[in-house]
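I have placed the structure first, in the form of structure tokens, so that the comments after it can refer back to it.
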Amino acid sequence: MRRLFVSVDMEGVAGVASAVSLMPTGWEYTAYRRWMTAELNAVAEAAFDAGYAEVIAVDGHGNSHNVDPDQLIDNIQLVRSSPRPMFQMQMIDDPSVDACAFIGYHSAAGTPDSILAHSFSGAALRSVRLNGVLASEGYINAAVAGEFGKPVLFVSGDRQTLEDARRYAPDAVLHTTKQSFGFRSAMSLPPRQACEALKKAAARAFAQPYGQPFKVEPPFEVEVEMTSQVAAELLGYLPWLERTDAYTVKARFKAMQEVRGFIGFVMSYMPNGQTPY
Ligand SMILES: [Zn+2]
């Protein structure tokens, strides 16, 4: 059985613009969930039309309880809740998956005028560098997929997100869902129409021959700049992490899978085992 892997985030979904409503306490969060779920359905429909038997979708936003299972079309296996070892890429290593798509994606922290740009956790991390290169979530996740020989076929988000995607998925179909005017403002079509356009673009992506998987050469040196000096200080107690300045720690890994786990750890670790989201 051939399955398509879809990593779903919320910030790049058409209509989503407010940081407040990205979380369950936000006044418009219920609508954001619905739009996110509809975009996943649209891309899954394109995948089924292209011959995939099933979609494995990973809810990779906030508390990982955003996509609404009640609204999903058939044959979408949904990965929910966290922590999990590979976070936004859980199940990418499954042998039945041969390619992936990133939808609702956003730019890395510090990208000017890009809607809700951040890296993994705006609360915990200021930036992530992989082998000296500033890395967005898409960049890291594509390198994880590449480690398992799987290319990224399709990416959706704002223009800046897609410019970034050219670095890790040059052969993919890149689809703009909205035009950003700043960190908190963007323009997009109504959700239903946005989903129609998304489905058409995804259909083009799934009809073309696979491009090359994104490969980053090991060893993988990861530099994580924390928002809290104390968080960096505590991480610096671990002898295998090097503290390079007040906010930053650096570590080396043999595999991208380990890198993904490490980033998940630094953004999620709570000594009481509770979720930070
Ligand atoms: Zn998100």
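Ordering of the structure tokens sets the chain letters (A, B, ...); residue numbers start at 1 within each chain; ligands are numbered from 1 in the order shown.
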When DSSP is applied to the backbone of this structure, which of segment 144-227 of chain A are assigned helix (DSSP H, G or I)? Write them out as a PyMOL selection string. chain A and resi 144-147+159-168+191-207
Using only C-alpha atoms and all ligand atoms, find each residue in chain A having at least one atom no more than 7 Å away from ligand 1; report its shortest atom-to-atom pair and that distance in Å (one decimal), rows by chain then rising number, as a Markdown table.
| residue | atom | partner | partner_atom_place_in_ligand_line | distance |
| --- | --- | --- | --- | --- |
| A:Asp9 | CA | ligand 1 | 1 (Zn) | 4.8 |
| A:Met10 | CA | ligand 1 | 1 (Zn) | 4.9 |
| A:Glu11 | CA | ligand 1 | 1 (Zn) | 5.3 |
| A:Gly60 | CA | ligand 1 | 1 (Zn) | 6.5 |
| A:His61 | CA | ligand 1 | 1 (Zn) | 3.9 |
| A:Gly62 | CA | ligand 1 | 1 (Zn) | 5.8 |
For the residues in that selection, give me C-alpha atoms as an mmCIF file, in the first residue's frame.
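This is the output file part-v3.cif:
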data_model
loop_
_atom_site.group_PDB
_atom_site.id
_atom_site.type_symbol
_atom_site.label_atom_id
_atom_site.label_comp_id
_atom_site.auth_asym_id
_atom_site.auth_seq_id
_atom_site.Cartn_x
_atom_site.Cartn_y
_atom_site.Cartn_z
ATOM 1 C CA ASP A 9 0.830 23.163 10.588
ATOM 2 C CA MET A 10 -1.596 26.016 11.197
ATOM 3 C CA GLU A 11 0.198 29.337 10.633
ATOM 4 C CA GLY A 60 2.334 19.459 14.057
ATOM 5 C CA HIS A 61 0.955 22.616 15.616
ATOM 6 C CA GLY A 62 0.926 23.620 19.292
#
Which residues of segment 120-231 of chain A come within 10 Å of segment 77-99 of chain A, and for each one, what is the closest pair of atoms and their distance in Å to one decimal, counting only C-alpha atoms, sorted by chain and residue number, as a tab-separated table?
residue	atom	partner	partner_atom	distance
A:Phe120	CA	A:Gln88	CA	9.7
A:Glu137	CA	A:Gln88	CA	8.8
A:Gly138	CA	A:Gln88	CA	9.7
A:Ile140	CA	A:Met89	CA	9.8
A:Asn141	CA	A:Met89	CA	6.5
A:Ala142	CA	A:Met89	CA	9.0
A:Val144	CA	A:Met89	CA	7.5
A:Ala145	CA	A:Ile92	CA	6.3
A:Gly146	CA	A:Ala99	CA	9.5
A:Glu147	CA	A:Asp93	CA	8.9
A:Phe148	CA	A:Asp93	CA	6.1
A:Gly149	CA	A:Asp98	CA	8.0
A:Lys150	CA	A:Ala99	CA	4.8
A:Pro151	CA	A:Ala99	CA	5.2
A:Val152	CA	A:Ala99	CA	6.1
A:Leu153	CA	A:Ala99	CA	6.8
A:Phe154	CA	A:Ala99	CA	9.6
A:Phe206	CA	A:Ala99	CA	9.5
A:Tyr210	CA	A:Ala99	CA	8.1
A:Gly211	CA	A:Ala99	CA	9.7
A:Pro213	CA	A:Ala99	CA	8.7
Print the selection's residues with all heavy atoms to a file, as a short mmCIF file (atom, residue, chain, number, x, y, z; two decimals), in the first residue's frame.
data_model
loop_
_atom_site.label_atom_id
_atom_site.label_comp_id
_atom_site.auth_asym_id
_atom_site.auth_seq_id
_atom_site.Cartn_x
_atom_site.Cartn_y
_atom_site.Cartn_z
N PHE A 120 9.81 26.46 15.45
CA PHE A 120 9.40 25.36 16.34
C PHE A 120 8.57 25.84 17.54
O PHE A 120 7.48 25.36 17.76
CB PHE A 120 10.60 24.53 16.80
CG PHE A 120 11.37 23.93 15.66
CD1 PHE A 120 12.48 24.57 15.12
CD2 PHE A 120 10.92 22.77 15.05
CE1 PHE A 120 13.14 24.05 14.03
CE2 PHE A 120 11.58 22.24 13.96
CZ PHE A 120 12.69 22.89 13.45
N GLU A 137 11.48 25.24 10.19
CA GLU A 137 10.89 23.92 10.46
C GLU A 137 10.89 23.08 9.17
O GLU A 137 11.20 21.89 9.20
CB GLU A 137 9.47 24.08 11.00
CG GLU A 137 9.48 24.73 12.36
CD GLU A 137 8.08 25.08 12.90
OE1 GLU A 137 7.11 24.40 12.54
OE2 GLU A 137 8.00 26.03 13.69
N GLY A 138 10.54 23.71 8.06
CA GLY A 138 10.53 22.99 6.78
C GLY A 138 11.91 22.45 6.43
O GLY A 138 12.04 21.31 5.96
N ILE A 140 14.47 21.67 8.47
CA ILE A 140 14.82 20.52 9.33
C ILE A 140 13.99 19.30 8.94
O ILE A 140 14.51 18.19 8.79
CB ILE A 140 14.58 20.87 10.82
CG1 ILE A 140 15.52 21.99 11.28
CG2 ILE A 140 14.68 19.63 11.70
CD1 ILE A 140 16.95 21.60 11.55
N ASN A 141 12.69 19.51 8.76
CA ASN A 141 11.80 18.37 8.48
C ASN A 141 12.10 17.73 7.12
O ASN A 141 12.02 16.51 6.97
CB ASN A 141 10.34 18.81 8.56
CG ASN A 141 9.94 19.16 9.99
OD1 ASN A 141 10.60 18.76 10.94
ND2 ASN A 141 8.86 19.91 10.14
N ALA A 142 12.47 18.56 6.15
CA ALA A 142 12.84 18.01 4.83
C ALA A 142 14.13 17.20 4.94
O ALA A 142 14.29 16.17 4.27
CB ALA A 142 13.01 19.14 3.82
N VAL A 144 15.05 15.54 7.59
CA VAL A 144 14.65 14.27 8.23
C VAL A 144 14.08 13.33 7.16
O VAL A 144 14.46 12.16 7.07
CB VAL A 144 13.61 14.50 9.35
CG1 VAL A 144 13.09 13.18 9.90
CG2 VAL A 144 14.21 15.34 10.48
N ALA A 145 13.17 13.87 6.34
CA ALA A 145 12.59 13.05 5.26
C ALA A 145 13.69 12.55 4.32
O ALA A 145 13.68 11.38 3.90
CB ALA A 145 11.55 13.86 4.48
N GLY A 146 14.64 13.44 4.01
CA GLY A 146 15.75 13.09 3.11
C GLY A 146 16.61 11.96 3.66
O GLY A 146 17.11 11.12 2.90
N GLU A 147 16.76 11.93 4.96
CA GLU A 147 17.54 10.86 5.60
C GLU A 147 16.93 9.49 5.29
O GLU A 147 17.63 8.50 5.20
CB GLU A 147 17.59 11.10 7.10
CG GLU A 147 18.39 10.10 7.87
CD GLU A 147 18.71 10.63 9.26
OE1 GLU A 147 17.89 10.47 10.18
OE2 GLU A 147 19.77 11.26 9.42
N PHE A 148 15.61 9.47 5.14
CA PHE A 148 14.92 8.22 4.82
C PHE A 148 14.66 8.09 3.31
O PHE A 148 13.89 7.22 2.88
CB PHE A 148 13.61 8.12 5.61
CG PHE A 148 13.84 8.03 7.09
CD1 PHE A 148 13.68 9.14 7.90
CD2 PHE A 148 14.27 6.84 7.66
CE1 PHE A 148 13.92 9.08 9.26
CE2 PHE A 148 14.51 6.76 9.03
CZ PHE A 148 14.34 7.89 9.82
N GLY A 149 15.27 8.98 2.53
CA GLY A 149 15.19 8.89 1.06
C GLY A 149 13.87 9.37 0.50
O GLY A 149 13.48 8.98 -0.61
N LYS A 150 13.15 10.23 1.24
CA LYS A 150 11.81 10.65 0.80
C LYS A 150 11.78 12.14 0.44
O LYS A 150 12.13 12.98 1.26
CB LYS A 150 10.79 10.31 1.89
CG LYS A 150 10.86 8.79 2.14
CD LYS A 150 10.11 8.28 3.30
CE LYS A 150 10.50 6.81 3.49
NZ LYS A 150 9.70 6.10 4.44
N PRO A 151 11.36 12.46 -0.78
CA PRO A 151 11.35 13.86 -1.21
C PRO A 151 10.10 14.60 -0.74
O PRO A 151 9.07 13.99 -0.44
CB PRO A 151 11.32 13.73 -2.74
CG PRO A 151 10.59 12.46 -3.00
CD PRO A 151 10.91 11.54 -1.84
N VAL A 152 10.20 15.93 -0.70
CA VAL A 152 9.04 16.79 -0.42
C VAL A 152 8.44 17.17 -1.77
O VAL A 152 9.11 17.76 -2.62
CB VAL A 152 9.47 18.06 0.34
CG1 VAL A 152 8.25 18.93 0.64
CG2 VAL A 152 10.20 17.71 1.63
N LEU A 153 7.17 16.83 -1.99
CA LEU A 153 6.53 17.05 -3.29
C LEU A 153 5.76 18.36 -3.35
O LEU A 153 5.54 18.92 -4.43
CB LEU A 153 5.52 15.93 -3.59
CG LEU A 153 6.02 14.49 -3.49
CD1 LEU A 153 4.89 13.54 -3.86
CD2 LEU A 153 7.23 14.27 -4.38
N PHE A 154 5.34 18.86 -2.18
CA PHE A 154 4.39 19.97 -2.16
C PHE A 154 4.55 20.75 -0.85
O PHE A 154 4.66 20.15 0.21
CB PHE A 154 2.96 19.41 -2.26
CG PHE A 154 1.88 20.44 -2.31
CD1 PHE A 154 1.75 21.28 -3.41
CD2 PHE A 154 0.98 20.59 -1.25
CE1 PHE A 154 0.74 22.24 -3.46
CE2 PHE A 154 -0.04 21.53 -1.30
CZ PHE A 154 -0.14 22.37 -2.41
N PHE A 206 1.46 15.92 -7.27
CA PHE A 206 1.45 14.46 -7.14
C PHE A 206 1.48 13.77 -8.51
O PHE A 206 1.68 12.57 -8.59
CB PHE A 206 0.24 14.00 -6.32
CG PHE A 206 0.16 14.64 -4.95
CD1 PHE A 206 -1.06 14.88 -4.34
CD2 PHE A 206 1.32 15.02 -4.29
CE1 PHE A 206 -1.13 15.49 -3.08
CE2 PHE A 206 1.27 15.63 -3.03
CZ PHE A 206 0.04 15.86 -2.43
N TYR A 210 8.92 12.26 -9.05
CA TYR A 210 9.55 12.67 -7.78
C TYR A 210 10.87 13.39 -8.03
O TYR A 210 11.67 12.96 -8.85
CB TYR A 210 9.84 11.44 -6.90
CG TYR A 210 8.62 10.82 -6.25
CD1 TYR A 210 8.77 9.71 -5.43
CD2 TYR A 210 7.35 11.34 -6.44
CE1 TYR A 210 7.67 9.12 -4.81
CE2 TYR A 210 6.26 10.76 -5.83
CZ TYR A 210 6.42 9.65 -5.02
OH TYR A 210 5.33 9.07 -4.41
N GLY A 211 11.11 14.47 -7.26
CA GLY A 211 12.42 15.12 -7.26
C GLY A 211 13.35 14.41 -6.29
O GLY A 211 13.00 13.38 -5.70
N PRO A 213 15.37 13.65 -2.89
CA PRO A 213 15.23 13.94 -1.46
C PRO A 213 16.28 14.96 -1.03
O PRO A 213 17.36 15.02 -1.63
CB PRO A 213 15.50 12.58 -0.80
CG PRO A 213 15.35 11.57 -1.88
CD PRO A 213 15.69 12.23 -3.17
#
Strand (DSSP E or B) residues, from DSSP on the backbone, in segment 131-248 of chain A, as a ChimeraX atom specification: /A:133-134,152-158,173-182,185-187,220-226,242-245,248
Check which residues of segment 55-144 of chain A sit at most 10 Å from segment 166-188 of chain A using only C-alpha atoms, and return one row each with the closest pair of atoms and their distance in Å to one decimal, ordered by chain and rising number, as a Markdown table.
| residue | atom | partner | partner_atom | distance |
| --- | --- | --- | --- | --- |
| A:Ala101 | CA | A:Ala172 | CA | 9.0 |
| A:Phe102 | CA | A:Leu174 | CA | 9.7 |
| A:Ile103 | CA | A:His175 | CA | 9.1 |
| A:Gly104 | CA | A:Thr177 | CA | 8.3 |
| A:Tyr105 | CA | A:Thr177 | CA | 9.9 |
| A:Gly110 | CA | A:Phe183 | CA | 9.7 |
| A:Thr111 | CA | A:Phe183 | CA | 8.9 |
| A:Pro112 | CA | A:Gly182 | CA | 7.2 |
| A:Asp113 | CA | A:Gly182 | CA | 3.7 |
| A:Ser114 | CA | A:Phe183 | CA | 5.2 |
| A:Ile115 | CA | A:Phe183 | CA | 4.4 |
| A:Leu116 | CA | A:Phe183 | CA | 5.0 |
| A:Ala117 | CA | A:Phe183 | CA | 6.6 |
| A:His118 | CA | A:Phe183 | CA | 9.6 |
| A:Gly138 | CA | A:Tyr168 | CA | 7.7 |
| A:Tyr139 | CA | A:Tyr168 | CA | 5.9 |
| A:Ile140 | CA | A:Tyr168 | CA | 9.0 |
| A:Asn141 | CA | A:Tyr168 | CA | 9.4 |
| A:Ala142 | CA | A:Tyr168 | CA | 6.4 |
| A:Ala143 | CA | A:Tyr168 | CA | 7.7 |
Write out the residues from the selection above, keeping all heavy atoms, as a CSV table (one decimal), in the first residue's frame.
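Final output, part36.csv:
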chain,number,residue,atom,x,y,z
A,101,ALA,N,4.4,15.9,1.9
A,101,ALA,CA,3.9,17.2,1.6
A,101,ALA,C,3.9,18.0,3.0
A,101,ALA,O,3.6,17.4,4.0
A,101,ALA,CB,2.5,17.2,1.0
A,102,PHE,N,4.2,19.3,2.9
A,102,PHE,CA,4.1,20.2,4.1
A,102,PHE,C,3.0,21.2,3.8
A,102,PHE,O,3.2,22.0,2.9
A,102,PHE,CB,5.4,20.9,4.3
A,102,PHE,CG,6.6,20.0,4.6
A,102,PHE,CD1,7.9,20.6,4.5
A,102,PHE,CD2,6.5,18.7,5.0
A,102,PHE,CE1,9.0,19.8,4.8
A,102,PHE,CE2,7.6,17.9,5.3
A,102,PHE,CZ,8.9,18.5,5.2
A,103,ILE,N,2.0,21.2,4.6
A,103,ILE,CA,0.9,22.2,4.4
A,103,ILE,C,0.7,23.1,5.6
A,103,ILE,O,0.9,22.6,6.8
A,103,ILE,CB,-0.4,21.6,3.9
A,103,ILE,CG1,-1.0,20.7,4.9
A,103,ILE,CG2,-0.1,20.8,2.6
A,103,ILE,CD1,-2.4,20.2,4.5
A,104,GLY,N,0.3,24.3,5.4
A,104,GLY,CA,0.1,25.3,6.5
A,104,GLY,C,1.4,25.7,7.1
A,104,GLY,O,1.4,26.2,8.2
A,105,TYR,N,2.5,25.6,6.3
A,105,TYR,CA,3.8,25.9,6.9
A,105,TYR,C,4.1,27.4,7.0
A,105,TYR,O,3.4,28.2,6.3
A,105,TYR,CB,4.9,25.2,6.1
A,105,TYR,CG,5.3,23.8,6.7
A,105,TYR,CD1,4.3,23.0,7.2
A,105,TYR,CD2,6.6,23.5,6.9
A,105,TYR,CE1,4.6,21.8,7.8
A,105,TYR,CE2,7.0,22.3,7.5
A,105,TYR,CZ,6.0,21.4,7.9
A,105,TYR,OH,6.3,20.3,8.6
A,110,GLY,N,12.4,35.4,12.6
A,110,GLY,CA,13.3,36.5,12.1
A,110,GLY,C,13.1,36.8,10.7
A,110,GLY,O,13.6,37.8,10.1
A,111,THR,N,12.2,36.1,9.9
A,111,THR,CA,11.9,36.4,8.5
A,111,THR,C,11.0,37.6,8.5
A,111,THR,O,9.9,37.6,9.1
A,111,THR,CB,11.2,35.2,7.9
A,111,THR,OG1,11.9,34.0,8.0
A,111,THR,CG2,11.0,35.5,6.4
A,112,PRO,N,11.5,38.7,7.8
A,112,PRO,CA,10.7,39.9,7.9
A,112,PRO,C,9.3,39.8,7.2
A,112,PRO,O,9.2,39.2,6.2
A,112,PRO,CB,11.6,41.0,7.2
A,112,PRO,CG,12.9,40.3,6.9
A,112,PRO,CD,12.7,38.8,7.0
A,113,ASP,N,8.3,40.4,7.8
A,113,ASP,CA,7.0,40.6,7.2
A,113,ASP,C,6.4,39.3,6.7
A,113,ASP,O,5.7,39.2,5.7
A,113,ASP,CB,7.1,41.6,6.0
A,113,ASP,CG,7.6,42.9,6.5
A,113,ASP,OD1,7.3,43.3,7.6
A,113,ASP,OD2,8.3,43.6,5.7
A,114,SER,N,6.6,38.2,7.5
A,114,SER,CA,6.0,36.9,7.1
A,114,SER,C,5.1,36.5,8.2
A,114,SER,O,5.5,36.5,9.4
A,114,SER,CB,7.2,35.9,6.9
A,114,SER,OG,6.6,34.6,6.5
A,115,ILE,N,3.9,36.0,7.9
A,115,ILE,CA,2.9,35.8,8.9
A,115,ILE,C,3.3,34.8,9.9
A,115,ILE,O,3.8,33.7,9.6
A,115,ILE,CB,1.6,35.3,8.2
A,115,ILE,CG1,0.4,35.3,9.2
A,115,ILE,CG2,1.7,34.0,7.5
A,115,ILE,CD1,-0.2,36.7,9.4
A,116,LEU,N,3.3,35.2,11.2
A,116,LEU,CA,3.5,34.3,12.4
A,116,LEU,C,4.8,33.5,12.3
A,116,LEU,O,4.9,32.4,12.7
A,116,LEU,CB,2.3,33.4,12.6
A,116,LEU,CG,1.0,34.2,12.7
A,116,LEU,CD1,-0.2,33.2,12.6
A,116,LEU,CD2,0.9,34.9,14.1
A,117,ALA,N,5.9,34.2,11.7
A,117,ALA,CA,7.1,33.5,11.5
A,117,ALA,C,7.8,33.1,12.9
A,117,ALA,O,7.9,33.9,13.8
A,117,ALA,CB,8.1,34.3,10.7
A,118,HIS,N,8.1,31.8,13.0
A,118,HIS,CA,8.9,31.4,14.2
A,118,HIS,C,9.5,30.1,13.9
A,118,HIS,O,9.3,29.5,12.9
A,118,HIS,CB,7.9,31.3,15.4
A,118,HIS,CG,6.9,30.1,15.2
A,118,HIS,ND1,5.8,30.2,14.4
A,118,HIS,CD2,6.9,28.9,15.7
A,118,HIS,CE1,5.1,29.1,14.4
A,118,HIS,NE2,5.8,28.2,15.2
A,138,GLY,N,10.5,23.7,8.1
A,138,GLY,CA,10.5,23.0,6.8
A,138,GLY,C,11.9,22.4,6.4
A,138,GLY,O,12.0,21.3,6.0
A,139,TYR,N,12.9,23.3,6.7
A,139,TYR,CA,14.3,22.9,6.3
A,139,TYR,C,14.7,21.6,7.1
A,139,TYR,O,15.2,20.6,6.6
A,139,TYR,CB,15.2,24.0,6.6
A,139,TYR,CG,16.7,23.9,6.1
A,139,TYR,CD1,17.0,24.4,4.9
A,139,TYR,CD2,17.6,23.3,6.9
A,139,TYR,CE1,18.3,24.3,4.4
A,139,TYR,CE2,19.0,23.2,6.5
A,139,TYR,CZ,19.3,23.7,5.2
A,139,TYR,OH,20.6,23.6,4.8
A,140,ILE,N,14.5,21.7,8.5
A,140,ILE,CA,14.8,20.5,9.3
A,140,ILE,C,14.0,19.3,8.9
A,140,ILE,O,14.5,18.2,8.8
A,140,ILE,CB,14.6,20.9,10.8
A,140,ILE,CG1,15.5,22.0,11.3
A,140,ILE,CG2,14.7,19.6,11.7
A,140,ILE,CD1,16.9,21.6,11.5
A,141,ASN,N,12.7,19.5,8.8
A,141,ASN,CA,11.8,18.4,8.5
A,141,ASN,C,12.1,17.7,7.1
A,141,ASN,O,12.0,16.5,7.0
A,141,ASN,CB,10.3,18.8,8.6
A,141,ASN,CG,9.9,19.2,10.0
A,141,ASN,OD1,10.6,18.8,10.9
A,141,ASN,ND2,8.9,19.9,10.1
A,142,ALA,N,12.5,18.6,6.1
A,142,ALA,CA,12.8,18.0,4.8
A,142,ALA,C,14.1,17.2,4.9
A,142,ALA,O,14.3,16.2,4.3
A,142,ALA,CB,13.0,19.1,3.8
A,143,ALA,N,15.0,17.6,5.8
A,143,ALA,CA,16.3,16.9,6.0
A,143,ALA,C,16.0,15.6,6.7
A,143,ALA,O,16.7,14.6,6.4
A,143,ALA,CB,17.3,17.7,6.8
Under the rule of at most 10 Å, produce a per-residue listing of segment 114-147 of chain A near segment 221-241 of chain A: chain, number, name, the closest pair of atoms, and the distance in Å, as a tab-separated table, using only C-alpha atoms.
residue	atom	partner	partner_atom	distance
A:Ser121	CA	A:Thr227	CA	9.7
A:Gly122	CA	A:Thr227	CA	8.2
A:Ala123	CA	A:Thr227	CA	6.9
A:Ala124	CA	A:Thr227	CA	5.4
A:Leu125	CA	A:Met226	CA	4.4
A:Arg126	CA	A:Glu225	CA	5.3
A:Ser127	CA	A:Glu225	CA	5.2
A:Val128	CA	A:Val224	CA	4.7
A:Arg129	CA	A:Glu223	CA	5.0
A:Leu130	CA	A:Val222	CA	4.8
A:Asn131	CA	A:Glu221	CA	4.9
A:Gly132	CA	A:Glu221	CA	7.6
A:Val133	CA	A:Val222	CA	9.3
A:Leu134	CA	A:Glu223	CA	9.2
A:Ala135	CA	A:Val222	CA	9.6
I need the residue nearest Ala251 of chain A from this list: A:Gly12, A:Pro219, A:Gly264, A:Pro271. Use only C-alpha atoms for the distance. A:Pro219
Looking at only C-alpha atoms, which of A:Gln257, A:Thr25, A:Thr30, A:Asn41 is the one that sits closest to Cys195 of chain A? A:Asn41
In Å, rounded to a single decimal, give me how far atom CA of Ala42 of chain A is from atom CA of Asp68 of chain A.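 Between atom CA of Asp68 of chain A and atom CA of Ala42 of chain A the gap is 14.1 Å.
Distances to His106 of chain A were evaluated for A:Leu189, A:Val13, A:Ala53, A:Met36 using only C-alpha atoms, and the minimum falls at A:Val13.
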Have a look at atom CA of Met1 of chain A and atom CA of Met256 of chain A and let me know their distance in Å, one decimal.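 So the answer is 26.0 Å.
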Pick from A:Arg204, A:His65, A:Lys254, A:Arg260: nearest to Thr37 of chain A, with only C-alpha atoms counted? A:His65
